[in-house]
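Engineer: Have a peek at structure_34.cif (mmCIF, C-alpha atoms and all ligand atoms).
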```cif
data_entry
#
loop_
_atom_site.label_atom_id
_atom_site.label_comp_id
_atom_site.auth_asym_id
_atom_site.auth_seq_id
_atom_site.Cartn_x
_atom_site.Cartn_y
_atom_site.Cartn_z
CA MET A 1 23.88 -37.41 -36.96
CA ASP A 2 24.52 -36.72 -40.62
CA GLN A 3 24.00 -32.98 -40.85
CA ARG A 4 25.98 -32.35 -44.05
CA LYS A 5 23.08 -31.03 -46.07
CA MET A 6 21.23 -29.18 -43.32
CA SER A 7 21.67 -25.67 -42.03
CA SER A 8 22.09 -25.61 -38.26
CA THR A 9 21.00 -23.00 -35.77
CA VAL A 10 23.61 -21.08 -33.79
CA PHE A 11 22.55 -18.73 -30.98
CA PHE A 12 24.64 -15.65 -30.31
CA ILE A 13 24.56 -13.10 -27.55
CA PRO A 14 27.02 -10.19 -27.63
CA ALA A 15 29.08 -10.03 -24.44
CA ALA A 16 32.30 -8.65 -23.02
CA ARG A 17 34.29 -9.21 -19.83
CA GLU A 18 33.29 -5.70 -18.76
CA ASP A 19 29.71 -6.99 -18.37
CA GLY A 20 30.79 -8.51 -15.06
CA ASP A 21 30.44 -12.05 -13.74
CA GLN A 22 26.72 -11.94 -12.99
CA VAL A 23 25.66 -10.64 -16.38
CA LEU A 24 27.98 -13.08 -18.15
CA ALA A 25 26.46 -15.94 -16.15
CA GLU A 26 22.97 -14.81 -17.17
CA LYS A 27 23.98 -14.50 -20.83
CA ALA A 28 25.68 -17.89 -20.87
CA ALA A 29 22.56 -19.49 -19.39
CA GLU A 30 20.32 -17.74 -21.91
CA VAL A 31 22.31 -19.22 -24.79
CA PHE A 32 22.52 -22.61 -23.09
CA LEU A 33 18.75 -22.84 -22.55
CA ARG A 34 18.13 -22.12 -26.24
CA THR A 35 20.12 -25.24 -27.18
CA GLY A 36 17.39 -27.35 -25.57
CA LEU A 37 19.56 -29.82 -23.66
CA THR A 38 17.59 -29.47 -20.42
CA GLU A 39 14.61 -31.03 -22.17
CA GLN A 40 16.63 -34.18 -22.82
CA ILE A 41 17.72 -34.88 -19.25
CA ASP A 42 15.88 -36.14 -16.19
CA ASP A 43 16.66 -36.64 -12.50
CA LYS A 44 18.68 -39.80 -13.25
CA SER A 45 20.95 -38.16 -15.82
CA PHE A 46 24.66 -37.72 -15.19
CA VAL A 47 25.62 -34.48 -16.88
CA ALA A 48 29.31 -33.78 -17.59
CA MET A 49 30.25 -30.13 -17.94
CA LYS A 50 33.44 -30.37 -20.01
CA ILE A 51 35.76 -27.45 -19.44
CA HIS A 52 39.46 -26.50 -19.53
CA PHE A 53 40.48 -25.36 -16.03
CA GLY A 54 43.41 -23.36 -17.46
CA GLU A 55 47.12 -24.14 -17.23
CA LYS A 56 49.03 -22.70 -14.27
CA GLY A 57 49.70 -19.02 -14.98
CA ASN A 58 47.04 -18.83 -17.70
CA THR A 59 44.28 -16.24 -17.27
CA GLY A 60 42.13 -16.71 -20.38
CA PHE A 61 40.13 -19.75 -19.27
CA ILE A 62 36.35 -19.61 -18.78
CA LYS A 63 35.72 -18.35 -15.26
CA PRO A 64 33.68 -20.49 -12.83
CA GLN A 65 31.41 -17.54 -12.01
CA TRP A 66 30.24 -17.41 -15.64
CA LEU A 67 28.81 -20.93 -15.30
CA MET A 68 26.70 -20.39 -12.21
CA ASP A 69 23.36 -19.91 -13.94
CA ILE A 70 23.89 -22.87 -16.26
CA ILE A 71 24.68 -25.02 -13.24
CA ARG A 72 21.53 -23.75 -11.51
CA GLN A 73 19.42 -24.63 -14.55
CA LEU A 74 20.92 -28.11 -14.77
CA ARG A 75 20.47 -28.78 -11.07
CA LYS A 76 16.77 -28.05 -11.38
CA LYS A 77 16.67 -31.22 -13.50
CA THR A 78 19.28 -33.44 -11.83
CA SER A 79 21.70 -33.35 -8.92
CA ARG A 80 24.15 -35.46 -10.97
CA VAL A 81 26.00 -32.52 -12.49
CA PHE A 82 29.78 -32.25 -12.39
CA LEU A 83 32.65 -30.35 -13.98
CA THR A 84 35.29 -32.37 -15.76
CA ASP A 85 38.38 -32.38 -17.96
CA SER A 86 40.87 -35.06 -18.94
CA ASN A 87 44.58 -35.08 -18.13
CA THR A 88 47.20 -33.73 -20.51
CA LEU A 89 49.70 -35.66 -22.58
CA TYR A 90 52.54 -33.33 -21.79
CA VAL A 91 54.00 -33.40 -18.29
CA GLY A 92 52.71 -30.58 -16.15
CA LYS A 93 50.19 -29.64 -13.47
CA ARG A 94 47.32 -31.10 -15.46
CA SER A 95 48.91 -34.46 -16.31
CA ASN A 96 47.58 -36.21 -13.19
CA SER A 97 44.28 -35.87 -11.37
CA VAL A 98 45.62 -34.72 -8.01
CA GLU A 99 47.58 -31.71 -9.25
CA HIS A 100 44.95 -31.06 -11.90
CA LEU A 101 42.28 -30.65 -9.21
CA HIS A 102 44.51 -28.46 -7.06
CA LEU A 103 45.05 -26.20 -10.06
CA ALA A 104 41.31 -26.09 -10.74
CA TRP A 105 40.74 -25.01 -7.12
CA ASP A 106 43.46 -22.36 -7.49
CA HIS A 107 41.51 -21.05 -10.49
CA GLY A 108 38.33 -20.73 -8.49
CA PHE A 109 36.54 -23.99 -9.31
CA THR A 110 35.93 -24.69 -5.64
CA PRO A 111 32.79 -26.26 -4.10
CA ASP A 112 31.73 -22.97 -2.49
CA ILE A 113 31.74 -21.25 -5.89
CA VAL A 114 30.57 -23.87 -8.39
CA GLY A 115 28.61 -26.05 -5.97
CA VAL A 116 29.21 -29.22 -8.00
CA PRO A 117 31.97 -31.86 -7.83
CA LEU A 118 35.02 -31.84 -10.05
CA ILE A 119 35.92 -35.22 -11.56
CA ILE A 120 38.90 -35.82 -13.81
CA ALA A 121 37.63 -37.82 -16.76
CA ASP A 122 40.44 -40.31 -17.36
CA GLY A 123 41.60 -41.35 -13.91
CA LEU A 124 44.66 -40.68 -11.79
CA LYS A 125 47.22 -40.57 -14.59
CA GLY A 126 45.14 -40.49 -17.75
CA GLY A 127 44.93 -44.23 -18.34
CA ASP A 128 41.28 -44.75 -17.46
CA ASP A 129 39.62 -44.78 -20.85
CA GLY A 130 37.27 -46.64 -23.13
CA GLU A 131 37.05 -47.06 -26.88
CA VAL A 132 34.44 -45.83 -29.32
CA GLU A 133 34.46 -47.48 -32.70
CA VAL A 134 34.06 -44.96 -35.51
CA ASN A 135 35.82 -46.55 -38.52
CA LEU A 136 36.61 -43.24 -40.17
CA LYS A 137 39.46 -42.20 -42.48
CA ARG A 138 42.14 -41.78 -39.80
CA VAL A 139 40.61 -43.12 -36.61
CA LYS A 140 39.09 -46.56 -36.35
CA SER A 141 38.57 -46.61 -32.60
CA ALA A 142 38.82 -43.49 -30.43
CA LYS A 143 40.21 -43.68 -26.91
CA VAL A 144 38.32 -41.29 -24.65
CA GLY A 145 38.12 -40.64 -20.92
CA SER A 146 35.83 -43.23 -19.34
CA ILE A 147 33.75 -40.57 -17.56
CA PHE A 148 32.37 -39.44 -20.89
CA LEU A 149 31.27 -42.95 -21.76
CA HIS A 150 29.37 -43.22 -18.49
CA SER A 151 27.65 -39.85 -18.75
CA ASP A 152 24.16 -39.34 -20.15
CA ALA A 153 24.64 -35.81 -21.46
CA MET A 154 27.31 -33.16 -21.76
CA VAL A 155 27.67 -29.41 -21.79
CA CYS A 156 30.86 -28.66 -23.71
CA LEU A 157 32.21 -25.26 -22.68
CA SER A 158 34.98 -23.91 -24.92
CA HIS A 159 37.12 -20.79 -24.91
CA PHE A 160 37.81 -19.74 -28.49
CA THR A 161 41.54 -19.13 -29.08
CA GLY A 162 44.18 -19.37 -31.78
CA HIS A 163 46.21 -22.58 -31.95
CA GLY A 164 49.53 -23.53 -33.53
CA LEU A 165 48.42 -26.83 -35.05
CA SER A 166 44.76 -26.26 -35.83
CA GLY A 167 44.73 -22.50 -36.50
CA PHE A 168 42.04 -22.06 -33.89
CA GLY A 169 40.74 -24.17 -31.03
CA ALA A 170 37.13 -24.14 -29.87
CA THR A 171 34.40 -26.77 -29.69
CA ILE A 172 35.78 -29.38 -32.10
CA LYS A 173 39.15 -29.24 -30.35
CA ASN A 174 37.67 -29.27 -26.85
CA LEU A 175 35.54 -32.25 -27.77
CA GLY A 176 38.06 -34.19 -29.87
CA MET A 177 41.32 -33.55 -28.06
CA GLY A 178 39.94 -32.42 -24.71
CA CYS A 179 37.89 -35.58 -24.08
CA ALA A 180 40.56 -38.00 -25.30
CA SER A 181 42.52 -40.02 -22.77
CA ARG A 182 46.33 -39.92 -22.76
CA ALA A 183 46.44 -42.69 -25.38
CA GLY A 184 43.84 -40.83 -27.44
CA LYS A 185 45.84 -37.62 -27.27
CA LEU A 186 48.99 -39.48 -28.28
CA ASP A 187 47.05 -40.98 -31.17
CA GLN A 188 46.08 -37.50 -32.40
CA HIS A 189 49.36 -35.73 -31.71
CA SER A 190 51.85 -38.25 -33.00
CA GLU A 191 52.19 -40.48 -36.02
CA VAL A 192 54.98 -42.46 -34.42
CA HIS A 193 55.60 -44.20 -31.12
CA PRO A 194 57.28 -42.60 -28.10
CA TRP A 195 61.06 -42.95 -27.86
CA VAL A 196 63.59 -42.81 -25.03
CA ASN A 197 66.35 -40.22 -24.95
CA PRO A 198 69.35 -42.15 -23.51
CA LYS A 199 70.85 -38.87 -22.30
CA TYR A 200 68.17 -38.62 -19.59
CA CYS A 201 67.36 -42.29 -19.01
CA GLN A 202 68.56 -43.65 -15.67
CA ASN A 203 67.70 -47.23 -16.62
CA CYS A 204 65.59 -47.45 -13.46
CA GLY A 205 63.22 -49.99 -15.01
CA ILE A 206 59.98 -48.32 -13.93
CA CYS A 207 58.66 -48.04 -17.48
CA PHE A 208 59.48 -51.71 -18.11
CA ASP A 209 57.11 -52.69 -15.30
CA HIS A 210 54.30 -50.43 -16.51
CA CYS A 211 54.45 -51.18 -20.24
CA PRO A 212 51.43 -53.40 -21.04
CA ALA A 213 52.99 -54.59 -24.32
CA GLU A 214 56.45 -55.59 -23.08
CA ALA A 215 57.76 -53.19 -25.67
CA ILE A 216 60.63 -51.76 -23.63
CA ILE A 217 64.05 -53.37 -23.46
CA THR A 218 67.48 -52.30 -22.27
CA LYS A 219 69.92 -51.26 -24.95
CA GLU A 220 73.32 -49.78 -24.19
CA GLU A 221 72.30 -49.10 -20.56
CA SER A 222 69.17 -47.21 -21.52
CA ALA A 223 65.53 -48.10 -22.00
CA PHE A 224 64.65 -48.64 -25.65
CA ILE A 225 61.16 -48.90 -27.18
CA LEU A 226 60.51 -51.62 -29.74
CA GLU A 227 58.20 -49.91 -32.23
CA GLU A 228 56.84 -53.18 -33.57
CA LYS A 229 55.49 -54.07 -30.11
CA CYS A 230 54.45 -50.62 -28.82
CA ILE A 231 50.68 -50.00 -28.76
CA SER A 232 51.05 -46.24 -28.08
CA CYS A 233 49.24 -46.31 -24.74
CA GLY A 234 51.47 -43.50 -23.41
CA GLU A 235 51.96 -45.18 -20.03
CA CYS A 236 55.76 -44.79 -20.20
CA LEU A 237 55.38 -41.04 -20.76
CA VAL A 238 53.64 -40.69 -17.44
CA VAL A 239 55.64 -43.01 -15.24
CA CYS A 240 59.11 -41.80 -16.23
CA ASN A 241 60.17 -39.33 -13.56
CA ALA A 242 63.40 -38.55 -15.42
CA GLY A 243 61.59 -37.02 -18.40
CA ALA A 244 63.43 -39.42 -20.71
CA VAL A 245 60.42 -40.64 -22.68
CA LYS A 246 59.62 -38.33 -25.56
CA PHE A 247 57.14 -38.23 -28.39
CA ARG A 248 57.35 -36.36 -31.66
CA TRP A 249 54.62 -33.76 -32.07
CA ASP A 250 52.95 -34.35 -35.42
CA SER A 251 53.56 -31.19 -37.46
CA ASP A 252 51.13 -32.23 -40.21
CA THR A 253 48.26 -29.87 -39.46
CA VAL A 254 45.87 -31.53 -41.92
CA ARG A 255 46.28 -34.97 -40.35
CA PHE A 256 46.05 -33.45 -36.88
CA GLN A 257 42.81 -31.60 -37.59
CA GLU A 258 41.21 -34.54 -39.34
CA LYS A 259 41.96 -36.83 -36.41
CA MET A 260 40.61 -34.21 -34.02
CA SER A 261 37.31 -34.00 -35.94
CA GLU A 262 37.05 -37.79 -35.97
CA TYR A 263 37.63 -37.94 -32.22
CA ALA A 264 34.94 -35.27 -31.80
CA TYR A 265 32.62 -37.50 -33.83
CA SER A 266 33.29 -40.36 -31.40
CA LEU A 267 31.98 -38.25 -28.50
CA MET A 268 28.83 -37.36 -30.43
CA LYS A 269 28.34 -41.06 -31.06
CA ALA A 270 29.03 -42.07 -27.45
CA LEU A 271 26.62 -39.52 -26.02
CA LYS A 272 24.05 -40.05 -28.77
CA GLY A 273 24.16 -36.35 -29.65
CA LYS A 274 23.01 -35.25 -26.18
CA ILE A 275 25.54 -32.44 -26.04
CA SER A 276 25.08 -28.72 -25.82
CA PHE A 277 28.05 -26.68 -27.07
CA LEU A 278 28.98 -23.18 -25.96
CA ASN A 279 31.85 -21.07 -27.31
CA PHE A 280 33.07 -18.14 -25.27
CA LEU A 281 34.55 -15.47 -27.56
CA LEU A 282 36.01 -13.50 -24.69
CA LYS A 283 39.70 -12.69 -24.28
CA ILE A 284 40.61 -14.39 -27.53
CA THR A 285 44.33 -15.07 -27.39
CA LYS A 286 46.88 -16.24 -29.96
CA ASP A 287 47.37 -19.51 -28.08
CA CYS A 288 45.12 -21.85 -26.15
CA ASP A 289 44.64 -22.09 -22.38
CA CYS A 290 47.38 -24.74 -22.15
CA MET A 291 49.84 -21.83 -22.23
CA SER A 292 51.13 -20.99 -18.78
CA GLU A 293 51.14 -17.25 -19.28
CA ASP A 294 48.89 -14.23 -19.44
CA GLU A 295 48.56 -13.49 -23.17
CA PRO A 296 46.88 -10.31 -24.43
CA ALA A 297 43.63 -10.50 -26.41
CA VAL A 298 44.10 -10.25 -30.18
CA VAL A 299 40.60 -8.95 -30.88
CA GLU A 300 37.95 -7.26 -28.76
CA ASP A 301 35.46 -9.46 -26.91
CA ILE A 302 32.58 -10.67 -29.10
CA GLY A 303 30.19 -12.75 -27.05
CA ILE A 304 28.87 -16.23 -26.29
CA LEU A 305 27.57 -18.66 -28.91
CA GLY A 306 25.73 -21.94 -28.52
CA SER A 307 24.46 -24.78 -30.67
CA VAL A 308 23.93 -28.53 -30.77
CA ASP A 309 26.07 -28.65 -33.92
CA PRO A 310 29.83 -28.41 -33.17
CA VAL A 311 30.80 -27.64 -36.78
CA ALA A 312 28.21 -24.90 -37.26
CA LEU A 313 29.18 -23.39 -33.91
CA ASP A 314 32.89 -23.25 -34.72
CA GLN A 315 32.17 -21.97 -38.24
CA ALA A 316 29.96 -19.18 -36.90
CA SER A 317 32.55 -18.33 -34.24
CA VAL A 318 35.43 -18.12 -36.69
CA ASP A 319 33.33 -16.00 -39.06
CA LEU A 320 32.56 -13.55 -36.26
CA VAL A 321 36.22 -13.35 -35.22
CA ILE A 322 37.34 -12.61 -38.77
CA GLU A 323 34.53 -10.11 -39.31
CA ARG A 324 35.37 -8.29 -36.07
CA SER A 325 39.12 -8.30 -36.83
CA GLY A 326 38.67 -7.08 -40.40
CA LYS A 327 41.09 -9.81 -41.54
CA ASP A 328 41.88 -13.47 -40.95
CA ILE A 329 43.59 -12.83 -37.64
CA LEU A 330 44.01 -16.57 -37.06
CA LYS A 331 46.46 -16.73 -39.95
CA VAL A 332 48.44 -13.83 -38.46
CA GLY A 333 49.24 -15.96 -35.42
CA TYR A 334 49.94 -19.18 -37.31
CA ASP A 335 49.91 -19.88 -41.02
CA VAL A 336 47.58 -22.87 -40.72
CA ASP A 337 44.54 -23.68 -42.84
CA TRP A 338 42.06 -23.83 -39.95
CA SER A 339 39.18 -24.79 -42.26
CA VAL A 340 40.34 -28.44 -42.38
CA GLN A 341 38.69 -29.33 -39.05
CA LEU A 342 35.41 -27.79 -40.25
CA GLN A 343 35.46 -29.28 -43.74
CA HIS A 344 36.41 -32.73 -42.51
CA GLY A 345 33.83 -32.46 -39.74
CA ALA A 346 31.17 -31.72 -42.36
CA GLU A 347 32.35 -34.60 -44.56
CA ILE A 348 32.18 -37.23 -41.81
CA GLY A 349 28.76 -36.07 -40.57
CA LEU A 350 29.90 -34.30 -37.40
CA GLY A 351 27.90 -31.24 -38.38
CA SER A 352 27.18 -28.60 -40.99
CA ARG A 353 29.20 -25.58 -42.12
CA ASP A 354 25.93 -23.92 -43.08
CA TYR A 355 24.23 -22.16 -40.22
CA GLN A 356 21.63 -19.65 -39.29
CA LEU A 357 22.81 -17.17 -36.68
CA ILE A 358 20.12 -16.09 -34.22
CA LYS A 359 21.11 -13.03 -32.23
CA LEU A 360 19.60 -12.93 -28.73
S1 LIG A 401 61.28 -44.89 -16.47
FE1 LIG A 401 62.48 -43.34 -17.59
S2 LIG A 401 64.47 -43.34 -16.59
FE2 LIG A 401 63.46 -45.23 -15.97
S3 LIG A 401 64.13 -46.75 -17.48
FE3 LIG A 401 62.23 -45.92 -18.24
S4 LIG A 401 62.86 -44.24 -19.60
FE4 LIG A 401 64.63 -44.75 -18.32
S1 LIG A 402 53.58 -46.28 -25.21
FE1 LIG A 402 52.76 -47.97 -23.95
S2 LIG A 402 53.17 -49.80 -25.20
FE2 LIG A 402 54.47 -48.19 -26.02
S3 LIG A 402 56.41 -48.41 -24.94
FE3 LIG A 402 55.22 -46.90 -23.79
S4 LIG A 402 54.17 -48.10 -22.21
FE4 LIG A 402 54.89 -49.57 -23.77
#
```
Here is the file; what I need is its structure written in the form of structure tokens.
Ligand code: SF4
Ligand code: SF4

Structural biologist:
Amino acid sequence: MDQRKMSSTVFFIPAAREDGDQVLAEKAAEVFLRTGLTEQIDDKSFVAMKIHFGEKGNTGFIKPQWLMDIIRQLRKKTSRVFLTDSNTLYVGKRSNSVEHLHLAWDHGFTPDIVGVPLIIADGLKGGDDGEVEVNLKRVKSAKVGSIFLHSDAMVCLSHFTGHGLSGFGATIKNLGMGCASRAGKLDQHSEVHPWVNPKYCQNCGICFDHCPAEAIITKEESAFILEEKCISCGECLVVCNAGAVKFRWDSDTVRFQEKMSEYAYSLMKALKGKISFLNFLLKITKDCDCMSEDEPAVVEDIGILGSVDPVALDQASVDLVIERSGKDILKVGYDVDWSVQLQHGAEIGLGSRDYQLIKL
């Protein structure tokens, strides 16, 4: 997996939303086939297609119709193909599997369109995970959705966007953050434990019963988290219906990006590198698809890129975005050094920043 010294191949096909669904599906499949994943799977393989179904109100997410030809190609090899994402840390429509799936259906990921099942990767409320030991600088053991640990191969489908904490979000973010369970997301987003805001706490006791570490006590008629006992599982965040349990978003963008790259590494390790990555540089917005609004594109559509190297793919994508914009448009949205995720990814052996771009 150590690709630090090698130059990786990235395939690129120019594309725009105006091409229409059918042409975009054909182009996506053309890039996908060049990554060679189909040669590594057989009729027994479970293949997870990792995607972001889009937050409610968001319109930038990858459309189900664009995946049809990839799904067809995969199903020629195995019937065990499914679409998946993990639940969110923040409370919303994607923080539990039931509402998450309803939202996915609302966004067109229905059986009659995609023809494959949808499975949420980390269980009903995001607690169904497993650990991957990596022993890296910031992450020793990554907590990821159990579905990914039981899959034989993955197609990681990412919409390239800007992002407030990482400058941009694409494959490394989709892999590292997007495959993490609730505890894994908490691990990446926060340096400290959750806390209870007494203003909203109704002292109902529900979180006491769910806390696996007996870390919650009553203090002045409110729940109170004992930091020395808390194991940051995030269970209390999910079970509190009063919205009283809070966590502090980590504003250190370097730490955040390094953790994200290390989590991405854990997925490469778990799936033994059997992952094909695709970046969709279509409707590139200032923020990611977790935003519940219709944001305008900040640069014209560029195309679809694919690789088996997540670092090379994101590096090539960011280079194309900057070239097309004529400036570092990612720094216009947020003043974040986005190169940290790439540099750290290269340093830990996630991939290479050197690449050869092959235009299809
Ligand atoms: S579940 Fe929420 S409201 Fe109930 S005790 Fe815990 S923090 Fe307070
Ligand atoms: S994060 Fe987990 S261990 Fe910590 S207080 Fe909440 S439920 Fe308990």

Engineer: Residues within 6 Å of ligand LIG 401 (chain A), counting all atoms listed in the file: report them as a list in words.

Structural biologist: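 For ligand LIG 401 (chain A), the residues inside 6 Å are Val196, Cys201, Gln202, Asn203, Cys204, Gly205, Ile206, Cys207, Ala223, Cys240, Ala242, Ala244 and Val245 of chain A.
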
Engineer: Could you give me, as a ChimeraX atom specification, every polymer residue with an atom at most 10 Å away from an atom of ligand LIG 402 (chain A), counting all atoms listed in the file?

Structural biologist: /A:182-183,186,193-196,207-217,223-240,245-247

Engineer: Deliver the residues from the most recent selection as a file, using C-alpha atoms, as a PDB file, keeping the file's coordinate frame.

Structural biologist:
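Listing of result.pdb after writing:
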```
ATOM      1  CA  ARG A 182      46.330 -39.920 -22.760  1.00  0.00           C
ATOM      2  CA  ALA A 183      46.440 -42.690 -25.380  1.00  0.00           C
ATOM      3  CA  LEU A 186      48.990 -39.480 -28.280  1.00  0.00           C
ATOM      4  CA  HIS A 193      55.600 -44.200 -31.120  1.00  0.00           C
ATOM      5  CA  PRO A 194      57.280 -42.600 -28.100  1.00  0.00           C
ATOM      6  CA  TRP A 195      61.060 -42.950 -27.860  1.00  0.00           C
ATOM      7  CA  VAL A 196      63.590 -42.810 -25.030  1.00  0.00           C
ATOM      8  CA  CYS A 207      58.660 -48.040 -17.480  1.00  0.00           C
ATOM      9  CA  PHE A 208      59.480 -51.710 -18.110  1.00  0.00           C
ATOM     10  CA  ASP A 209      57.110 -52.690 -15.300  1.00  0.00           C
ATOM     11  CA  HIS A 210      54.300 -50.430 -16.510  1.00  0.00           C
ATOM     12  CA  CYS A 211      54.450 -51.180 -20.240  1.00  0.00           C
ATOM     13  CA  PRO A 212      51.430 -53.400 -21.040  1.00  0.00           C
ATOM     14  CA  ALA A 213      52.990 -54.590 -24.320  1.00  0.00           C
ATOM     15  CA  GLU A 214      56.450 -55.590 -23.080  1.00  0.00           C
ATOM     16  CA  ALA A 215      57.760 -53.190 -25.670  1.00  0.00           C
ATOM     17  CA  ILE A 216      60.630 -51.760 -23.630  1.00  0.00           C
ATOM     18  CA  ILE A 217      64.050 -53.370 -23.460  1.00  0.00           C
ATOM     19  CA  ALA A 223      65.530 -48.100 -22.000  1.00  0.00           C
ATOM     20  CA  PHE A 224      64.650 -48.640 -25.650  1.00  0.00           C
ATOM     21  CA  ILE A 225      61.160 -48.900 -27.180  1.00  0.00           C
ATOM     22  CA  LEU A 226      60.510 -51.620 -29.740  1.00  0.00           C
ATOM     23  CA  GLU A 227      58.200 -49.910 -32.230  1.00  0.00           C
ATOM     24  CA  GLU A 228      56.840 -53.180 -33.570  1.00  0.00           C
ATOM     25  CA  LYS A 229      55.490 -54.070 -30.110  1.00  0.00           C
ATOM     26  CA  CYS A 230      54.450 -50.620 -28.820  1.00  0.00           C
ATOM     27  CA  ILE A 231      50.680 -50.000 -28.760  1.00  0.00           C
ATOM     28  CA  SER A 232      51.050 -46.240 -28.080  1.00  0.00           C
ATOM     29  CA  CYS A 233      49.240 -46.310 -24.740  1.00  0.00           C
ATOM     30  CA  GLY A 234      51.470 -43.500 -23.410  1.00  0.00           C
ATOM     31  CA  GLU A 235      51.960 -45.180 -20.030  1.00  0.00           C
ATOM     32  CA  CYS A 236      55.760 -44.790 -20.200  1.00  0.00           C
ATOM     33  CA  LEU A 237      55.380 -41.040 -20.760  1.00  0.00           C
ATOM     34  CA  VAL A 238      53.640 -40.690 -17.440  1.00  0.00           C
ATOM     35  CA  VAL A 239      55.640 -43.010 -15.240  1.00  0.00           C
ATOM     36  CA  CYS A 240      59.110 -41.800 -16.230  1.00  0.00           C
ATOM     37  CA  VAL A 245      60.420 -40.640 -22.680  1.00  0.00           C
ATOM     38  CA  LYS A 246      59.620 -38.330 -25.560  1.00  0.00           C
ATOM     39  CA  PHE A 247      57.140 -38.230 -28.390  1.00  0.00           C
TER      40      PHE A 247
END
```

Engineer: Give me the residues near Gly108 of chain A as an MDAnalysis selection string, where near means some atom within 12 Å (using all atoms listed in the file) and where sequence neighbours in that chain fewer than 4 positions away do not count.

Structural biologist: chainID A and resid 53:54 59 61:67 101:104 112:115 118

Engineer: Given all atoms listed in the file as the basis, pick out the residue of A:Pro296, A:Gly326, A:Gly167, A:Gly162 nearest to Gln341 of chain A.

Structural biologist: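 The answer is A:Gly167, which sits nearest to Gln341 of chain A.
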
Engineer: For Asn58 of chain A, which residue among A:Trp105, A:Met291, A:Ser352, A:Val298 is the nearest when counting only C-alpha atoms?

Structural biologist: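 The shortest atom-to-atom distance to Asn58 of chain A comes from A:Met291.
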
Engineer: What is the distance, in Å and to one decimal place, between atom CA of Lys269 of chain A and atom CA of His100 of chain A?

Structural biologist: 27.3 Å

Engineer: Around the point (33.4, -39.6, -22.2) in the file's coordinates, collect all residues with an atom within 9 Å, using only C-alpha atoms, and return them as a list of chain:residue names.

Structural biologist: A:Ala48, A:Ala121, A:Asp122, A:Asp129, A:Gly130, A:Val144, A:Gly145, A:Ser146, A:Ile147, A:Phe148, A:Leu149, A:His150, A:Ser151, A:Met154, A:Cys179, A:Ala180, A:Leu267, A:Ala270, A:Leu271

Engineer: In terms of the shortest atom-to-atom distance over only C-alpha atoms, which of A:Ser317, A:Val340, A:Gly60, A:Phe256 is closest to Asp294 of chain A?

Structural biologist: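 Answer, going by the shortest atom-to-atom distance: A:Gly60.
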
Engineer: Quick check, in Å to one decimal: how far apart do atom CA of Arg75 of chain A and atom CA of Asn279 of chain A lie?

Structural biologist: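 Separation between atom CA of Arg75 of chain A and atom CA of Asn279 of chain A: 21.3 Å.
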
Engineer: Could you tell me how far atom CA of Val311 of chain A sits from atom CA of Glu347 of chain A, in Å to one decimal place?

Structural biologist: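 Computing the Euclidean distance for atom CA of Glu347 of chain A and atom CA of Val311 of chain A yields 10.6 Å.
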
Engineer: Select, counting all atoms listed in the file, all protein, DNA and RNA residues no farther than 9 Å from (37.9, -37.9, -36.2) in file coordinates, and express the selection as a VMD selection string.

Structural biologist: chain A and resid 134 136 to 140 142 176 257 to 266 344 to 345 348 350

Engineer: Between A:Glu18, A:Glu55, A:Leu24, A:Val31, which is the closest to Ser292 of chain A once you count all atoms listed in the file?

Structural biologist: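 That would be A:Glu55, the residue with the smallest distance to Ser292 of chain A.
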
Engineer: Just write segment 285-291 of chain A with N, CA, C and O atoms, as a PDB file, in the first residue's frame, taken from the block above.

Structural biologist:
```
ATOM      1  N   THR A 285     -19.710  22.969  -5.513  1.00  0.00           N
ATOM      2  CA  THR A 285     -20.264  24.023  -4.650  1.00  0.00           C
ATOM      3  C   THR A 285     -19.263  24.398  -3.547  1.00  0.00           C
ATOM      4  O   THR A 285     -18.311  23.681  -3.281  1.00  0.00           O
ATOM      5  N   LYS A 286     -19.535  25.517  -2.901  1.00  0.00           N
ATOM      6  CA  LYS A 286     -18.638  25.991  -1.828  1.00  0.00           C
ATOM      7  C   LYS A 286     -18.654  25.026  -0.644  1.00  0.00           C
ATOM      8  O   LYS A 286     -17.646  24.841   0.027  1.00  0.00           O
ATOM      9  N   ASP A 287     -19.817  24.415  -0.400  1.00  0.00           N
ATOM     10  CA  ASP A 287     -19.949  23.511   0.743  1.00  0.00           C
ATOM     11  C   ASP A 287     -20.320  22.111   0.266  1.00  0.00           C
ATOM     12  O   ASP A 287     -20.745  21.913  -0.871  1.00  0.00           O
ATOM     13  N   CYS A 288     -20.216  21.165   1.200  1.00  0.00           N
ATOM     14  CA  CYS A 288     -20.471  19.766   0.834  1.00  0.00           C
ATOM     15  C   CYS A 288     -21.969  19.457   0.798  1.00  0.00           C
ATOM     16  O   CYS A 288     -22.806  20.305   1.116  1.00  0.00           O
ATOM     17  N   ASP A 289     -22.282  18.209   0.450  1.00  0.00           N
ATOM     18  CA  ASP A 289     -23.687  17.814   0.271  1.00  0.00           C
ATOM     19  C   ASP A 289     -24.425  17.614   1.597  1.00  0.00           C
ATOM     20  O   ASP A 289     -25.588  17.216   1.598  1.00  0.00           O
ATOM     21  N   CYS A 290     -23.745  17.884   2.707  1.00  0.00           N
ATOM     22  CA  CYS A 290     -24.427  17.870   4.012  1.00  0.00           C
ATOM     23  C   CYS A 290     -25.239  19.151   4.198  1.00  0.00           C
ATOM     24  O   CYS A 290     -26.017  19.261   5.152  1.00  0.00           O
ATOM     25  N   MET A 291     -25.031  20.132   3.330  1.00  0.00           N
ATOM     26  CA  MET A 291     -25.781  21.385   3.433  1.00  0.00           C
ATOM     27  C   MET A 291     -27.192  21.186   2.893  1.00  0.00           C
ATOM     28  O   MET A 291     -27.366  20.640   1.805  1.00  0.00           O
TER      29      MET A 291
END
```
